[in-house]
file my_file-v7.tsv (TSV, N, CA, C and O atoms)
chain	number	residue	atom	x	y	z
A	1	MET	N	-18.60	8.12	-3.25
A	1	MET	CA	-17.22	7.79	-3.60
A	1	MET	C	-16.62	6.91	-2.52
A	1	MET	O	-16.72	7.22	-1.33
A	2	GLU	N	-16.01	5.82	-2.94
A	2	GLU	CA	-15.33	4.94	-1.99
A	2	GLU	C	-14.04	5.62	-1.51
A	2	GLU	O	-13.23	6.05	-2.31
A	3	ARG	N	-13.88	5.74	-0.21
A	3	ARG	CA	-12.74	6.46	0.37
A	3	ARG	C	-11.54	5.58	0.66
A	3	ARG	O	-10.48	6.09	0.97
A	4	VAL	N	-11.72	4.28	0.58
A	4	VAL	CA	-10.62	3.39	0.93
A	4	VAL	C	-10.53	2.25	-0.07
A	4	VAL	O	-11.53	1.70	-0.52
A	5	GLN	N	-9.31	1.97	-0.45
A	5	GLN	CA	-9.02	0.84	-1.32
A	5	GLN	C	-8.26	-0.17	-0.45
A	5	GLN	O	-7.21	0.16	0.10
A	6	ILE	N	-8.79	-1.38	-0.31
A	6	ILE	CA	-8.18	-2.39	0.54
A	6	ILE	C	-7.68	-3.53	-0.33
A	6	ILE	O	-8.42	-4.06	-1.15
A	7	GLU	N	-6.42	-3.87	-0.14
A	7	GLU	CA	-5.80	-4.95	-0.89
A	7	GLU	C	-5.21	-5.96	0.08
A	7	GLU	O	-4.65	-5.58	1.11
A	8	TYR	N	-5.34	-7.22	-0.25
A	8	TYR	CA	-4.75	-8.29	0.56
A	8	TYR	C	-3.60	-8.88	-0.23
A	8	TYR	O	-3.80	-9.38	-1.34
A	9	LEU	N	-2.41	-8.82	0.33
A	9	LEU	CA	-1.21	-9.30	-0.36
A	9	LEU	C	-0.68	-10.52	0.38
A	9	LEU	O	-0.12	-10.41	1.48
A	10	GLU	N	-0.90	-11.67	-0.22
A	10	GLU	CA	-0.45	-12.95	0.34
A	10	GLU	C	-1.02	-13.26	1.72
A	10	GLU	O	-0.38	-13.92	2.53
A	11	VAL	N	-2.21	-12.73	1.99
A	11	VAL	CA	-2.97	-13.09	3.19
A	11	VAL	C	-4.43	-13.26	2.78
A	11	VAL	O	-4.87	-12.70	1.77
A	12	GLU	N	-5.16	-14.02	3.56
A	12	GLU	CA	-6.56	-14.29	3.24
A	12	GLU	C	-7.43	-13.05	3.46
A	12	GLU	O	-7.28	-12.34	4.46
A	13	GLU	N	-8.33	-12.79	2.53
A	13	GLU	CA	-9.26	-11.66	2.67
A	13	GLU	C	-10.17	-11.90	3.86
A	13	GLU	O	-10.50	-13.02	4.19
A	14	ASN	N	-10.59	-10.78	4.49
A	14	ASN	CA	-11.40	-10.88	5.69
A	14	ASN	C	-12.48	-9.80	5.64
A	14	ASN	O	-12.18	-8.60	5.71
A	15	VAL	N	-13.73	-10.21	5.54
A	15	VAL	CA	-14.85	-9.29	5.42
A	15	VAL	C	-14.97	-8.40	6.66
A	15	VAL	O	-15.28	-7.20	6.56
A	16	GLU	N	-14.72	-8.95	7.82
A	16	GLU	CA	-14.81	-8.17	9.05
A	16	GLU	C	-13.75	-7.06	9.09
A	16	GLU	O	-14.02	-5.96	9.53
A	17	TYR	N	-12.54	-7.36	8.63
A	17	TYR	CA	-11.51	-6.33	8.53
A	17	TYR	C	-11.95	-5.22	7.59
A	17	TYR	O	-11.79	-4.04	7.87
A	18	ASP	N	-12.52	-5.62	6.44
A	18	ASP	CA	-13.00	-4.63	5.47
A	18	ASP	C	-14.02	-3.68	6.12
A	18	ASP	O	-13.92	-2.46	5.97
A	19	LYS	N	-14.99	-4.24	6.81
A	19	LYS	CA	-16.02	-3.43	7.45
A	19	LYS	C	-15.42	-2.47	8.47
A	19	LYS	O	-15.77	-1.28	8.50
A	20	LEU	N	-14.53	-2.98	9.30
A	20	LEU	CA	-13.91	-2.14	10.34
A	20	LEU	C	-13.06	-1.03	9.72
A	20	LEU	O	-13.15	0.13	10.13
A	21	ILE	N	-12.26	-1.37	8.74
A	21	ILE	CA	-11.40	-0.38	8.09
A	21	ILE	C	-12.25	0.72	7.45
A	21	ILE	O	-11.98	1.91	7.62
A	22	LYS	N	-13.30	0.35	6.75
A	22	LYS	CA	-14.17	1.34	6.09
A	22	LYS	C	-14.85	2.24	7.12
A	22	LYS	O	-14.98	3.45	6.91
A	23	LYS	N	-15.26	1.66	8.24
A	23	LYS	CA	-15.90	2.45	9.29
A	23	LYS	C	-14.91	3.47	9.88
A	23	LYS	O	-15.24	4.64	10.06
A	24	VAL	N	-13.69	3.03	10.15
A	24	VAL	CA	-12.67	3.93	10.71
A	24	VAL	C	-12.31	5.03	9.72
A	24	VAL	O	-12.22	6.21	10.09
A	25	VAL	N	-12.12	4.67	8.46
A	25	VAL	CA	-11.77	5.67	7.45
A	25	VAL	C	-12.89	6.70	7.29
A	25	VAL	O	-12.64	7.91	7.21
A	26	LYS	N	-14.12	6.24	7.29
A	26	LYS	CA	-15.27	7.16	7.18
A	26	LYS	C	-15.25	8.16	8.34
A	26	LYS	O	-15.44	9.36	8.14
A	27	GLU	N	-15.02	7.68	9.54
A	27	GLU	CA	-14.97	8.56	10.71
A	27	GLU	C	-13.80	9.54	10.62
A	27	GLU	O	-13.94	10.71	10.95
A	28	CYS	N	-12.66	9.06	10.16
A	28	CYS	CA	-11.49	9.94	10.00
A	28	CYS	C	-11.77	11.06	9.00
A	28	CYS	O	-11.45	12.22	9.25
A	29	PHE	N	-12.37	10.71	7.87
A	29	PHE	CA	-12.70	11.72	6.87
A	29	PHE	C	-13.69	12.74	7.43
A	29	PHE	O	-13.57	13.93	7.16
A	30	SER	N	-14.63	12.27	8.21
A	30	SER	CA	-15.61	13.16	8.82
A	30	SER	C	-14.93	14.09	9.83
A	30	SER	O	-15.14	15.31	9.80
A	31	THR	N	-14.11	13.53	10.70
A	31	THR	CA	-13.43	14.32	11.72
A	31	THR	C	-12.53	15.37	11.11
A	31	THR	O	-12.47	16.50	11.59
A	32	GLU	N	-11.84	15.02	10.03
A	32	GLU	CA	-10.91	15.94	9.37
A	32	GLU	C	-11.59	16.81	8.32
A	32	GLU	O	-10.93	17.59	7.63
A	33	ARG	N	-12.91	16.67	8.18
A	33	ARG	CA	-13.70	17.43	7.20
A	33	ARG	C	-13.17	17.24	5.77
A	33	ARG	O	-12.94	18.22	5.05
A	34	LEU	N	-12.99	16.01	5.41
A	34	LEU	CA	-12.46	15.69	4.08
A	34	LEU	C	-13.50	15.02	3.19
A	34	LEU	O	-13.18	14.56	2.10
A	35	GLU	N	-14.75	14.97	3.61
A	35	GLU	CA	-15.78	14.26	2.85
A	35	GLU	C	-15.95	14.80	1.44
A	35	GLU	O	-16.30	14.05	0.54
A	36	LYS	N	-15.77	16.08	1.24
A	36	LYS	CA	-16.03	16.69	-0.07
A	36	LYS	C	-14.80	16.74	-0.97
A	36	LYS	O	-14.85	17.30	-2.05
A	37	THR	N	-13.71	16.13	-0.52
A	37	THR	CA	-12.50	16.10	-1.34
A	37	THR	C	-12.50	14.84	-2.20
A	37	THR	O	-13.35	13.96	-2.04
A	38	LYS	N	-11.54	14.75	-3.07
A	38	LYS	CA	-11.40	13.57	-3.92
A	38	LYS	C	-10.33	12.62	-3.36
A	38	LYS	O	-9.87	11.72	-4.05
A	39	LEU	N	-9.95	12.83	-2.12
A	39	LEU	CA	-8.91	12.02	-1.51
A	39	LEU	C	-9.42	10.64	-1.13
A	39	LEU	O	-10.60	10.46	-0.86
A	40	TYR	N	-8.51	9.68	-1.12
A	40	TYR	CA	-8.83	8.33	-0.65
A	40	TYR	C	-7.58	7.74	0.00
A	40	TYR	O	-6.49	8.27	-0.12
A	41	ILE	N	-7.78	6.61	0.66
A	41	ILE	CA	-6.69	5.92	1.34
A	41	ILE	C	-6.56	4.53	0.74
A	41	ILE	O	-7.55	3.85	0.52
A	42	SER	N	-5.33	4.13	0.51
A	42	SER	CA	-5.05	2.78	0.03
A	42	SER	C	-4.39	2.00	1.17
A	42	SER	O	-3.40	2.45	1.74
A	43	ILE	N	-4.97	0.84	1.49
A	43	ILE	CA	-4.46	0.02	2.59
A	43	ILE	C	-4.14	-1.37	2.04
A	43	ILE	O	-4.97	-1.98	1.35
A	44	ILE	N	-2.95	-1.84	2.36
A	44	ILE	CA	-2.53	-3.19	1.98
A	44	ILE	C	-2.31	-3.99	3.26
A	44	ILE	O	-1.53	-3.59	4.11
A	45	LEU	N	-3.01	-5.09	3.36
A	45	LEU	CA	-2.83	-6.00	4.48
A	45	LEU	C	-1.97	-7.17	3.97
A	45	LEU	O	-2.30	-7.79	2.95
A	46	THR	N	-0.88	-7.43	4.67
A	46	THR	CA	0.05	-8.45	4.20
A	46	THR	C	0.71	-9.17	5.37
A	46	THR	O	0.40	-8.90	6.52
A	47	ASN	N	1.65	-10.01	5.05
A	47	ASN	CA	2.35	-10.80	6.08
A	47	ASN	C	3.66	-10.12	6.50
A	47	ASN	O	4.13	-9.18	5.85
A	48	PRO	N	4.26	-10.59	7.59
A	48	PRO	CA	5.51	-9.98	8.08
A	48	PRO	C	6.65	-10.00	7.07
A	48	PRO	O	7.44	-9.06	7.00
A	49	GLU	N	6.72	-11.05	6.26
A	49	GLU	CA	7.80	-11.13	5.26
A	49	GLU	C	7.71	-10.01	4.24
A	49	GLU	O	8.71	-9.39	3.88
A	50	ASN	N	6.49	-9.71	3.79
A	50	ASN	CA	6.31	-8.62	2.83
A	50	ASN	C	6.56	-7.26	3.48
A	50	ASN	O	7.11	-6.36	2.84
A	51	ILE	N	6.15	-7.12	4.72
A	51	ILE	CA	6.43	-5.86	5.44
A	51	ILE	C	7.93	-5.63	5.52
A	51	ILE	O	8.42	-4.54	5.25
A	52	ARG	N	8.65	-6.67	5.86
A	52	ARG	CA	10.12	-6.56	5.97
A	52	ARG	C	10.72	-6.17	4.62
A	52	ARG	O	11.58	-5.28	4.53
A	53	LYS	N	10.26	-6.81	3.55
A	53	LYS	CA	10.77	-6.51	2.21
A	53	LYS	C	10.48	-5.05	1.83
A	53	LYS	O	11.36	-4.34	1.35
A	54	LEU	N	9.25	-4.60	2.05
A	54	LEU	CA	8.88	-3.21	1.74
A	54	LEU	C	9.64	-2.21	2.60
A	54	LEU	O	10.07	-1.16	2.12
A	55	ASN	N	9.81	-2.54	3.87
A	55	ASN	CA	10.54	-1.67	4.78
A	55	ASN	C	12.00	-1.52	4.32
A	55	ASN	O	12.54	-0.41	4.31
A	56	ASN	N	12.59	-2.61	3.89
A	56	ASN	CA	13.97	-2.58	3.42
A	56	ASN	C	14.07	-1.82	2.10
A	56	ASN	O	14.97	-1.00	1.90
A	57	GLU	N	13.11	-2.06	1.23
A	57	GLU	CA	13.10	-1.43	-0.09
A	57	GLU	C	12.93	0.09	-0.03
A	57	GLU	O	13.60	0.83	-0.74
A	58	HIS	N	12.02	0.55	0.82
A	58	HIS	CA	11.65	1.98	0.84
A	58	HIS	C	12.32	2.78	1.95
A	58	HIS	O	12.40	4.00	1.86
A	59	ARG	N	12.77	2.09	3.00
A	59	ARG	CA	13.32	2.82	4.15
A	59	ARG	C	14.71	2.34	4.55
A	59	ARG	O	15.28	2.83	5.51
A	60	ASN	N	15.23	1.36	3.83
A	60	ASN	CA	16.54	0.78	4.14
A	60	ASN	C	16.62	0.26	5.57
A	60	ASN	O	17.66	0.38	6.23
A	61	ILE	N	15.52	-0.30	6.05
A	61	ILE	CA	15.47	-0.91	7.38
A	61	ILE	C	15.07	-2.36	7.18
A	61	ILE	O	13.95	-2.65	6.75
A	62	ASP	N	16.00	-3.26	7.47
A	62	ASP	CA	15.78	-4.68	7.19
A	62	ASP	C	15.14	-5.40	8.38
A	62	ASP	O	15.75	-6.25	9.01
A	63	LYS	N	13.91	-4.99	8.68
A	63	LYS	CA	13.15	-5.69	9.72
A	63	LYS	C	11.67	-5.42	9.50
A	63	LYS	O	11.28	-4.47	8.83
A	64	GLU	N	10.86	-6.29	10.08
A	64	GLU	CA	9.42	-6.11	9.97
A	64	GLU	C	8.93	-5.15	11.04
A	64	GLU	O	9.56	-5.00	12.09
A	65	THR	N	7.86	-4.48	10.74
A	65	THR	CA	7.20	-3.58	11.69
A	65	THR	C	5.71	-3.87	11.64
A	65	THR	O	5.25	-4.58	10.75
A	66	ASP	N	4.98	-3.34	12.59
A	66	ASP	CA	3.53	-3.56	12.60
A	66	ASP	C	2.85	-2.79	11.47
A	66	ASP	O	1.88	-3.27	10.89
A	67	VAL	N	3.36	-1.59	11.18
A	67	VAL	CA	2.72	-0.72	10.19
A	67	VAL	C	3.78	0.01	9.39
A	67	VAL	O	4.79	0.44	9.92
A	68	LEU	N	3.53	0.15	8.10
A	68	LEU	CA	4.32	1.04	7.24
A	68	LEU	C	3.34	2.04	6.66
A	68	LEU	O	2.26	1.66	6.20
A	69	SER	N	3.70	3.29	6.66
A	69	SER	CA	2.82	4.29	6.04
A	69	SER	C	3.65	5.20	5.15
A	69	SER	O	4.77	5.56	5.48
A	70	PHE	N	3.08	5.52	4.02
A	70	PHE	CA	3.73	6.39	3.05
A	70	PHE	C	2.74	7.49	2.69
A	70	PHE	O	1.87	7.30	1.84
A	71	PRO	N	2.84	8.64	3.34
A	71	PRO	CA	1.88	9.72	3.08
A	71	PRO	C	2.05	10.30	1.68
A	71	PRO	O	3.16	10.43	1.18
A	72	MET	N	0.92	10.63	1.08
A	72	MET	CA	0.93	11.29	-0.22
A	72	MET	C	1.10	12.80	-0.05
A	72	MET	O	1.61	13.47	-0.92
A	73	PHE	N	0.62	13.31	1.08
A	73	PHE	CA	0.64	14.74	1.34
A	73	PHE	C	1.18	15.02	2.73
A	73	PHE	O	0.96	14.24	3.65
A	74	GLU	N	1.82	16.14	2.88
A	74	GLU	CA	2.12	16.67	4.21
A	74	GLU	C	0.88	17.42	4.67
A	74	GLU	O	0.01	17.77	3.87
A	75	LYS	N	0.79	17.71	5.96
A	75	LYS	CA	-0.40	18.37	6.52
A	75	LYS	C	-0.71	19.68	5.78
A	75	LYS	O	-1.87	19.96	5.47
A	76	GLU	N	0.32	20.48	5.47
A	76	GLU	CA	0.10	21.76	4.80
A	76	GLU	C	-0.47	21.54	3.40
A	76	GLU	O	-1.34	22.28	2.95
A	77	GLU	N	0.00	20.52	2.70
A	77	GLU	CA	-0.50	20.23	1.36
A	77	GLU	C	-1.97	19.80	1.42
A	77	GLU	O	-2.75	20.12	0.53
A	78	LEU	N	-2.33	19.09	2.47
A	78	LEU	CA	-3.72	18.67	2.65
A	78	LEU	C	-4.62	19.87	2.84
A	78	LEU	O	-5.72	19.92	2.28
A	79	GLU	N	-4.16	20.85	3.59
A	79	GLU	CA	-4.94	22.08	3.78
A	79	GLU	C	-5.16	22.79	2.45
A	79	GLU	O	-6.25	23.29	2.18
A	80	VAL	N	-4.13	22.82	1.61
A	80	VAL	CA	-4.26	23.44	0.28
A	80	VAL	C	-5.27	22.66	-0.55
A	80	VAL	O	-6.11	23.24	-1.24
A	81	ALA	N	-5.21	21.33	-0.49
A	81	ALA	CA	-6.15	20.50	-1.25
A	81	ALA	C	-7.58	20.77	-0.80
A	81	ALA	O	-8.48	20.89	-1.62
A	82	LYS	N	-7.79	20.86	0.50
A	82	LYS	CA	-9.14	21.15	1.01
A	82	LYS	C	-9.61	22.52	0.53
A	82	LYS	O	-10.73	22.69	0.10
A	83	LYS	N	-8.71	23.52	0.56
A	83	LYS	CA	-9.07	24.88	0.16
A	83	LYS	C	-9.38	24.92	-1.34
A	83	LYS	O	-10.35	25.54	-1.76
A	84	SER	N	-8.56	24.28	-2.15
A	84	SER	CA	-8.78	24.33	-3.59
A	84	SER	C	-10.08	23.63	-3.96
A	84	SER	O	-10.78	24.05	-4.87
A	85	GLU	N	-10.44	22.58	-3.24
A	85	GLU	CA	-11.73	21.91	-3.47
A	85	GLU	C	-12.88	22.87	-3.18
A	85	GLU	O	-13.83	22.97	-3.93
A	86	TYR	N	-12.76	23.62	-2.10
A	86	TYR	CA	-13.78	24.60	-1.72
A	86	TYR	C	-13.89	25.69	-2.79
A	86	TYR	O	-14.98	26.06	-3.21
A	87	GLU	N	-12.74	26.17	-3.27
A	87	GLU	CA	-12.74	27.21	-4.30
A	87	GLU	C	-13.36	26.70	-5.59
A	87	GLU	O	-14.08	27.42	-6.28
A	88	GLU	N	-13.13	25.43	-5.93
A	88	GLU	CA	-13.72	24.84	-7.13
A	88	GLU	C	-15.25	24.79	-7.00
A	88	GLU	O	-15.97	25.09	-7.95
A	89	ILE	N	-15.74	24.46	-5.84
A	89	ILE	CA	-17.19	24.44	-5.61
A	89	ILE	C	-17.76	25.85	-5.78
A	89	ILE	O	-18.80	26.04	-6.40
A	90	LEU	N	-17.07	26.85	-5.26
A	90	LEU	CA	-17.53	28.24	-5.40
A	90	LEU	C	-17.55	28.65	-6.87
A	90	LEU	O	-18.49	29.32	-7.31
A	91	ARG	N	-16.54	28.27	-7.64
A	91	ARG	CA	-16.52	28.60	-9.08
A	91	ARG	C	-17.69	27.96	-9.80
A	91	ARG	O	-18.34	28.58	-10.62
A	92	ARG	N	-17.96	26.71	-9.49
A	92	ARG	CA	-19.09	26.03	-10.13
A	92	ARG	C	-20.40	26.72	-9.80
A	92	ARG	O	-21.24	26.95	-10.64
A	93	TYR	N	-20.56	27.08	-8.54
A	93	TYR	CA	-21.77	27.76	-8.10
A	93	TYR	C	-21.90	29.11	-8.82
A	93	TYR	O	-22.96	29.47	-9.29
A	94	SER	N	-20.79	29.83	-8.93
A	94	SER	CA	-20.78	31.12	-9.59
A	94	SER	C	-21.22	30.97	-11.06
A	94	SER	O	-22.00	31.76	-11.57
A	95	ASN	N	-20.75	29.94	-11.73
A	95	ASN	CA	-21.12	29.70	-13.13
A	95	ASN	C	-22.59	29.36	-13.27
A	95	ASN	O	-23.25	29.76	-14.22
A	96	ILE	N	-23.12	28.60	-12.32
A	96	ILE	CA	-24.53	28.23	-12.36
A	96	ILE	C	-25.40	29.44	-12.13
A	96	ILE	O	-26.47	29.60	-12.73
A	97	SER	N	-24.97	30.34	-11.26
A	97	SER	CA	-25.74	31.51	-10.89
A	97	SER	C	-25.92	32.49	-12.03
A	97	SER	O	-26.83	33.32	-12.02
A	98	ARG	N	-25.07	32.44	-13.02
A	98	ARG	CA	-25.13	33.41	-14.12
A	98	ARG	C	-26.28	33.20	-14.98
A	98	ARG	O	-26.97	32.74	-15.53
call {"tool": "encode", "arguments": {"input": "my_file-v7.tsv", "output": "structure tokens"}}
result
Amino acid sequence: MERVQIEYLEVEENVEYDKLIKKVVKECFSTERLEKTKLYISIILTNPENIRKLNNEHRNIDKETDVLSFPMFEKEELEVAKKSEYEEILRRYSNISR
């Protein structure tokens, strides 16, 4: 399963960026023990003008920043997602064992 979706918005695509981003995301998933989940990360690489527009639109801050992040889950919700994935695996195993 691909863990990262990379989009280029009004900037030129870069194969080296893709490789580096995928390598970092893979390591993050491994470190956080998320390999067996269905989670993924969406990354948009864009220009300062688009960052400023998105920052103003979503955070009411009319300036550009280096990074904008919008988490899908809080840390506690992520723990629940990891646990429910584990429980689903146990249920499947239990059904196979019968």
call {"tool": "closest_residue", "arguments": {"input": "my_file-v7.tsv", "among": "A:Ile21, A:Cys28, A:Met72, A:Val11", "to": "Ile43 in chain A", "atoms": "only C-alpha atoms"}}
result
A:Ile21
call {"tool": "atom_distance", "arguments": {"input": "my_file-v7.tsv", "atom1": "CA of Lys36 in chain A", "atom2": "CA of Pro71 in chain A"}}
result
19.5 Å
call {"tool": "atom_distance", "arguments": {"input": "my_file-v7.tsv", "atom1": "atom C of Glu32 in chain A", "atom2": "atom C of Phe70 in chain A"}}
result
18.0 Å
call {"tool": "atom_distance", "arguments": {"input": "my_file-v7.tsv", "atom1": "atom N of Lys23 in chain A", "atom2": "atom O of Leu39 in chain A"}}
result
13.5 Å
call {"tool": "select_by_dssp", "arguments": {"input": "my_file-v7.tsv", "residues": "range 41-71 of chain A", "states": "helix (DSSP H, G or I)", "output": "PyMOL selection string"}}
result
chain A and resi 48-59
call {"tool": "residues_around", "arguments": {"input": "my_file-v7.tsv", "residues": "range 65-68 of chain A", "least_positions_apart": "3", "cutoff": "6 Å", "atoms": "only N, CA, C and O atoms", "output": "ChimeraX atom specification"}}
result
/A:48,51-52
call {"tool": "closest_residue", "arguments": {"input": "my_file-v7.tsv", "among": "A:Thr46, A:Leu54, A:Lys63, A:Ser69", "to": "Tyr8 in chain A", "atoms": "only C-alpha atoms"}}
result
A:Thr46
call {"tool": "closest_residue", "arguments": {"input": "my_file-v7.tsv", "among": "A:Glu2, A:Glu16, A:Glu79, A:Glu7", "to": "Tyr40 in chain A", "atoms": "only N, CA, C and O atoms"}}
result
A:Glu2
call {"tool": "closest_residue", "arguments": {"input": "my_file-v7.tsv", "among": "A:Val25, A:Val15, A:Ile61, A:Met1", "to": "Ser42 in chain A", "atoms": "only C-alpha atoms"}}
result
A:Val25
call {"tool": "select_by_dssp", "arguments": {"input": "my_file-v7.tsv", "residues": "range 9-89 of chain A", "states": "strand (DSSP E or B)", "output": "ChimeraX atom specification"}}
result
/A:9,41-46
